[in-house]
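Data block for my_file27.cif (mmCIF, C-alpha atoms and all ligand atoms):
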```cif
data_protein
#
loop_
_atom_site.label_atom_id
_atom_site.label_comp_id
_atom_site.auth_asym_id
_atom_site.auth_seq_id
_atom_site.Cartn_x
_atom_site.Cartn_y
_atom_site.Cartn_z
CA MET Y 1 4.86 -9.90 10.11
CA ILE Y 2 2.13 -7.56 8.99
CA THR Y 3 -1.59 -8.19 9.40
CA ILE Y 4 -4.55 -6.81 7.49
CA ARG Y 5 -8.24 -7.45 8.09
CA ARG Y 6 -10.08 -9.20 5.30
CA ALA Y 7 -12.63 -6.35 5.21
CA ASP Y 8 -9.81 -3.84 4.64
CA LEU Y 9 -8.29 -6.02 1.91
CA TYR Y 10 -11.69 -6.02 0.16
CA LYS Y 11 -11.77 -2.21 0.41
CA LEU Y 12 -8.42 -2.03 -1.38
CA ILE Y 13 -9.54 -4.48 -4.06
CA SER Y 14 -12.79 -2.68 -4.76
CA HIS Y 15 -11.08 0.72 -4.85
CA ALA Y 16 -8.31 -0.59 -7.13
CA LYS Y 17 -10.93 -1.94 -9.53
CA SER Y 18 -12.85 1.34 -9.46
CA CYS Y 19 -9.65 3.16 -10.49
CA LEU Y 20 -9.05 1.02 -13.59
CA PRO Y 21 -7.31 1.50 -15.93
CA GLU Y 22 -5.33 3.71 -13.51
CA GLU Y 23 -3.42 2.56 -10.45
CA GLY Y 24 -5.22 3.03 -7.16
CA CYS Y 25 -3.28 4.12 -4.09
CA GLY Y 26 -3.43 5.24 -0.50
CA LEU Y 27 -1.97 4.86 2.96
CA VAL Y 28 -2.26 2.30 5.74
CA GLY Y 29 -2.28 3.09 9.44
CA GLY Y 30 -2.17 0.87 12.46
CA ARG Y 31 -0.25 -0.27 15.49
CA THR Y 32 3.20 -1.76 15.85
CA GLU Y 33 4.13 -4.43 18.39
CA GLY Y 34 7.83 -5.18 18.26
CA ASN Y 35 8.47 -6.35 14.71
CA ASP Y 36 4.78 -6.97 14.08
CA ARG Y 37 2.57 -4.44 12.37
CA HIS Y 38 -1.19 -4.50 12.48
CA ILE Y 39 -3.09 -2.51 9.88
CA GLU Y 40 -6.15 -0.96 11.53
CA ALA Y 41 -7.17 1.57 8.89
CA VAL Y 42 -6.79 1.82 5.14
CA TYR Y 43 -7.03 5.10 3.23
CA LEU Y 44 -8.13 5.23 -0.39
CA LEU Y 45 -6.56 8.35 -1.88
CA GLU Y 46 -6.50 10.00 -5.28
CA ASN Y 47 -3.72 8.95 -7.62
CA LYS Y 48 -2.50 12.41 -8.62
CA ASP Y 49 -0.67 10.94 -11.61
CA HIS Y 50 -3.86 9.41 -13.06
CA SER Y 51 -1.64 6.81 -14.67
CA ASP Y 52 -1.74 3.05 -15.19
CA VAL Y 53 1.96 2.66 -14.32
CA HIS Y 54 2.68 5.39 -11.74
CA PHE Y 55 1.10 6.80 -8.67
CA SER Y 56 1.62 9.77 -6.40
CA ILE Y 57 -0.30 10.98 -3.39
CA ASP Y 58 -1.08 14.64 -2.79
CA PRO Y 59 0.75 15.78 0.39
CA LYS Y 60 -2.53 17.42 1.50
CA ASP Y 61 -4.32 14.06 1.34
CA GLN Y 62 -1.41 12.44 3.14
CA ILE Y 63 -1.53 14.99 5.98
CA ALA Y 64 -5.31 14.58 6.34
CA ALA Y 65 -4.94 10.79 6.52
CA ILE Y 66 -2.16 11.02 9.12
CA LYS Y 67 -4.30 13.39 11.21
CA ASP Y 68 -7.11 10.86 11.09
CA MET Y 69 -4.71 8.08 12.15
CA ARG Y 70 -3.52 10.15 15.11
CA SER Y 71 -7.10 10.83 16.17
CA LYS Y 72 -7.56 7.04 16.35
CA GLY Y 73 -4.28 6.46 18.20
CA LEU Y 74 -2.68 4.92 15.10
CA VAL Y 75 0.54 5.58 13.23
CA GLN Y 76 1.33 5.44 9.54
CA ILE Y 77 2.64 1.98 8.72
CA GLY Y 78 3.08 2.48 5.02
CA ASN Y 79 1.31 2.89 1.73
CA TRP Y 80 -0.40 0.76 -0.86
CA HIS Y 81 -0.95 0.90 -4.59
CA SER Y 82 -2.35 -1.36 -7.24
CA HIS Y 83 -0.76 -2.89 -10.30
CA PRO Y 84 -3.54 -3.13 -12.88
CA GLU Y 85 -1.63 -5.32 -15.34
CA THR Y 86 1.55 -6.50 -13.61
CA PRO Y 87 2.42 -8.83 -10.71
CA SER Y 88 2.47 -7.92 -7.03
CA ARG Y 89 6.10 -6.87 -6.71
CA PRO Y 90 7.82 -3.49 -6.79
CA SER Y 91 8.61 -2.07 -10.21
CA GLU Y 92 12.01 -0.49 -10.88
CA GLU Y 93 10.34 2.86 -10.30
CA ASP Y 94 8.66 1.72 -7.08
CA ILE Y 95 12.09 0.74 -5.76
CA ARG Y 96 13.70 3.98 -6.90
CA LEU Y 97 10.99 6.04 -5.19
CA SER Y 98 10.90 4.08 -1.93
CA TYR Y 99 12.41 6.77 0.24
CA ASP Y 100 11.33 5.34 3.58
CA SER Y 101 13.01 2.08 4.59
CA THR Y 102 10.77 1.85 7.69
CA SER Y 103 7.56 1.89 5.64
CA SER Y 104 5.68 -1.13 4.39
CA TYR Y 105 4.96 -0.94 0.67
CA LEU Y 106 1.85 -2.93 -0.09
CA ILE Y 107 1.26 -3.82 -3.72
CA LEU Y 108 -2.06 -5.21 -4.86
CA SER Y 109 -1.98 -6.88 -8.25
CA ILE Y 110 -5.34 -7.09 -9.96
CA MET Y 111 -3.92 -8.37 -13.25
CA ASP Y 112 -6.08 -11.43 -12.65
CA ARG Y 113 -9.32 -9.56 -11.91
CA ASP Y 114 -10.84 -12.58 -10.16
CA ALA Y 115 -7.78 -13.42 -8.06
CA PRO Y 116 -6.11 -10.26 -6.69
CA VAL Y 117 -2.75 -10.75 -4.96
CA LEU Y 118 -1.53 -8.53 -2.13
CA ASN Y 119 2.08 -8.54 -0.93
CA SER Y 120 3.94 -6.27 1.45
CA PHE Y 121 7.55 -5.20 1.01
CA ARG Y 122 10.25 -3.23 2.75
CA VAL Y 123 12.91 -1.54 0.66
CA ALA Y 124 16.30 -0.70 2.15
CA GLU Y 125 18.43 2.00 0.59
CA ARG Y 126 16.10 2.14 -2.38
CA ARG Y 127 17.62 -1.11 -3.55
CA ASP Y 128 17.16 -4.18 -1.35
CA VAL Y 129 13.62 -5.49 -1.46
CA THR Y 130 12.35 -7.82 1.25
CA LYS Y 131 8.91 -9.39 1.24
CA GLU Y 132 7.16 -9.23 4.60
CA GLU Y 133 5.04 -12.06 5.92
CA LEU Y 134 1.47 -10.86 5.37
CA VAL Y 135 -1.35 -12.42 7.36
CA ILE Y 136 -5.00 -11.80 6.55
CA ILE Y 137 -7.14 -11.77 9.68
CA GLU Y 138 -10.92 -11.81 10.09
ZN ZN Y 201 4.11 -0.11 -8.54
#
```
Please express what this file holds, its structure, as structure tokens.
Ligand SMILES: [Zn+2]
Amino acid sequence: MITIRRADLYKLISHAKSCLPEEGCGLVGGRTEGNDRHIEAVYLLENKDHSDVHFSIDPKDQIAAIKDMRSKGLVQIGNWHSHPETPSRPSEEDIRLSYDSTSSYLILSIMDRDAPVLNSFRVAERRDVTKEELVIIE
């Protein structure tokens, strides 16, 4: 199970909309408790690809975000990106580029601008996609 605060979800939605027509992206940090992961901080980072179908994060931005997580006693749990015009599931490319099987890959679809959908996935061996149970907390 993975949890995210509603306020953090709203941050992702508003950033994703501000990036349109490009994909928005960033990292998520938090705490782990056995198999449970609790997102405590979301990072809104520049999509270096400036694309509506790809994203990449500058390693410098990634390092700065991880430093900030450490200063708060958090660890990197995974990353997030938006799908401006497609559903909330990994694209072929997302799966191909999912190098870290321990990371959560959060995908926020804003194809329906009034009803965004967030899902979280794990990808094993850049092939096997599993949806994680995502719980929104207040
Ligand atoms: Zn994607």
Practice item. Give me the residues within 10 Å of segment 44-54 of chain Y as a PyMOL selection string, counting all atoms listed in the file and dropping any in the same chain fewer than 4 places off. Key: chain Y and resi 11-12+15-16+19-28+58+61-62+65+79-86+91+93-94
Review point. Expressed in Å to a single decimal, how great is the separation between atom CA of Ile95 of chain Y and atom CA of Ala7 of chain Y?
Key: 28.0 Å
Check your understanding: When you draw a straight line from atom ZN of ligand ZN 201 (chain Y) to atom CA of Ser104 of chain Y, how long is it in Å?
Key -> 13.1 Å
Write out as a PDB file with C-alpha atoms, in the frame of the given file which residues come within 8 Å of Ile13 of chain Y when counting only C-alpha atoms, dropping same-chain ones fewer than 5 positions away.
```pdb
ATOM      1  CA  LEU Y 108      -2.060  -5.210  -4.860  1.00  0.00           C
ATOM      2  CA  ILE Y 110      -5.340  -7.090  -9.960  1.00  0.00           C
ATOM      3  CA  PRO Y 116      -6.110 -10.260  -6.690  1.00  0.00           C
TER       4      PRO Y 116
END
```
Point to revise | Counting all atoms listed in the file, the option among Y:Glu133, Y:Asp114, Y:Glu40, Y:Glu125 closest to Gln76 of chain Y | key: Y:Glu40
Practice item. To one decimal in Å, tell me the separation between atom CA of Glu138 of chain Y and atom CA of Arg6 of chain Y. Key: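 So the two atoms, atom CA of Glu138 of chain Y and atom CA of Arg6 of chain Y, lie 5.5 Å apart.
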Practice item. Check the smallest atom-to-atom distance from each of Y:Asp68, Y:Tyr10, Y:Glu92, Y:Ile2 to Leu106 of chain Y using all atoms listed in the file, then report the winner. Key: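 Checking each candidate against Leu106 of chain Y, we get Y:Ile2 as the closest.
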Exercise for review: Extract, using only C-alpha atoms, all DNA, RNA and protein residues at most 9 Å from Val117 of chain Y, discarding same-chain residues fewer than 6 positions from it, and format them as a ChimeraX atom specification.
Suggested key: /Y:87-88,107-111
Could you turn the residues from that selection into a file that holds C-alpha atoms, as a compact mmCIF listing (two decimals), in the coordinates of the input?
```
# COMPACT_ATOMS: atom_id res chain seq x y z
CA PRO Y 87 2.42 -8.83 -10.71
CA SER Y 88 2.47 -7.92 -7.03
CA ILE Y 107 1.26 -3.82 -3.72
CA LEU Y 108 -2.06 -5.21 -4.86
CA SER Y 109 -1.98 -6.88 -8.25
CA ILE Y 110 -5.34 -7.09 -9.96
CA MET Y 111 -3.92 -8.37 -13.25
```
Selection: 9 Å around Val123 of chain Y, only C-alpha atoms, excl. self and same-chain fewer than 3 positions, as a compact mmCIF listing (two decimals) with C-alpha atoms, in the coordinates of the input:
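Once written, around21.txt looks like this:
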```
# COMPACT_ATOMS: atom_id res chain seq x y z
CA ILE Y 95 12.09 0.74 -5.76
CA SER Y 98 10.90 4.08 -1.93
CA TYR Y 99 12.41 6.77 0.24
CA ASP Y 100 11.33 5.34 3.58
CA SER Y 101 13.01 2.08 4.59
CA THR Y 102 10.77 1.85 7.69
CA SER Y 103 7.56 1.89 5.64
CA SER Y 104 5.68 -1.13 4.39
CA TYR Y 105 4.96 -0.94 0.67
CA ARG Y 126 16.10 2.14 -2.38
CA ARG Y 127 17.62 -1.11 -3.55
CA ASP Y 128 17.16 -4.18 -1.35
CA VAL Y 129 13.62 -5.49 -1.46
CA THR Y 130 12.35 -7.82 1.25
CA LYS Y 131 8.91 -9.39 1.24
```
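Considering all atoms listed in the file, the residue among Y:Lys60, Y:Met1, Y:Leu9, Y:Glu132 positioned nearest to Glu33 of chain Y is Y:Met1.
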Point to revise | Counting all atoms listed in the file, the option among Y:Phe121, Y:Lys67, Y:Lys72, Y:Ala115 closest to Arg89 of chain Y | key: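 Counting all atoms listed in the file, the residue closest to Arg89 of chain Y is Y:Phe121.
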Review point. For Gly30 of chain Y, which residue among Y:Ile136, Y:Ala124, Y:Leu97, Y:Leu74 is the nearest when counting only C-alpha atoms?
Key: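 Using only C-alpha atoms, Gly30 of chain Y sits closest to Y:Leu74.
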Review point. Using all atoms listed in the file, which residue out of Y:Ser18, Y:Phe55, Y:Arg113, Y:Gly73 lies closest to ligand ZN 201 (chain Y)?
Key: Y:Phe55
Report as lines of an AutoDock Vina configuration file the centre and the edge lengths, in Å to one decimal, of the axis-aligned box holding every listed atom of segment 87-92 of chain Y, padded by 8 Å on each side.
```
center_x = 7.2
center_y = -4.7
center_z = -8.8
size_x = 25.6
size_y = 24.3
size_z = 20.2
```
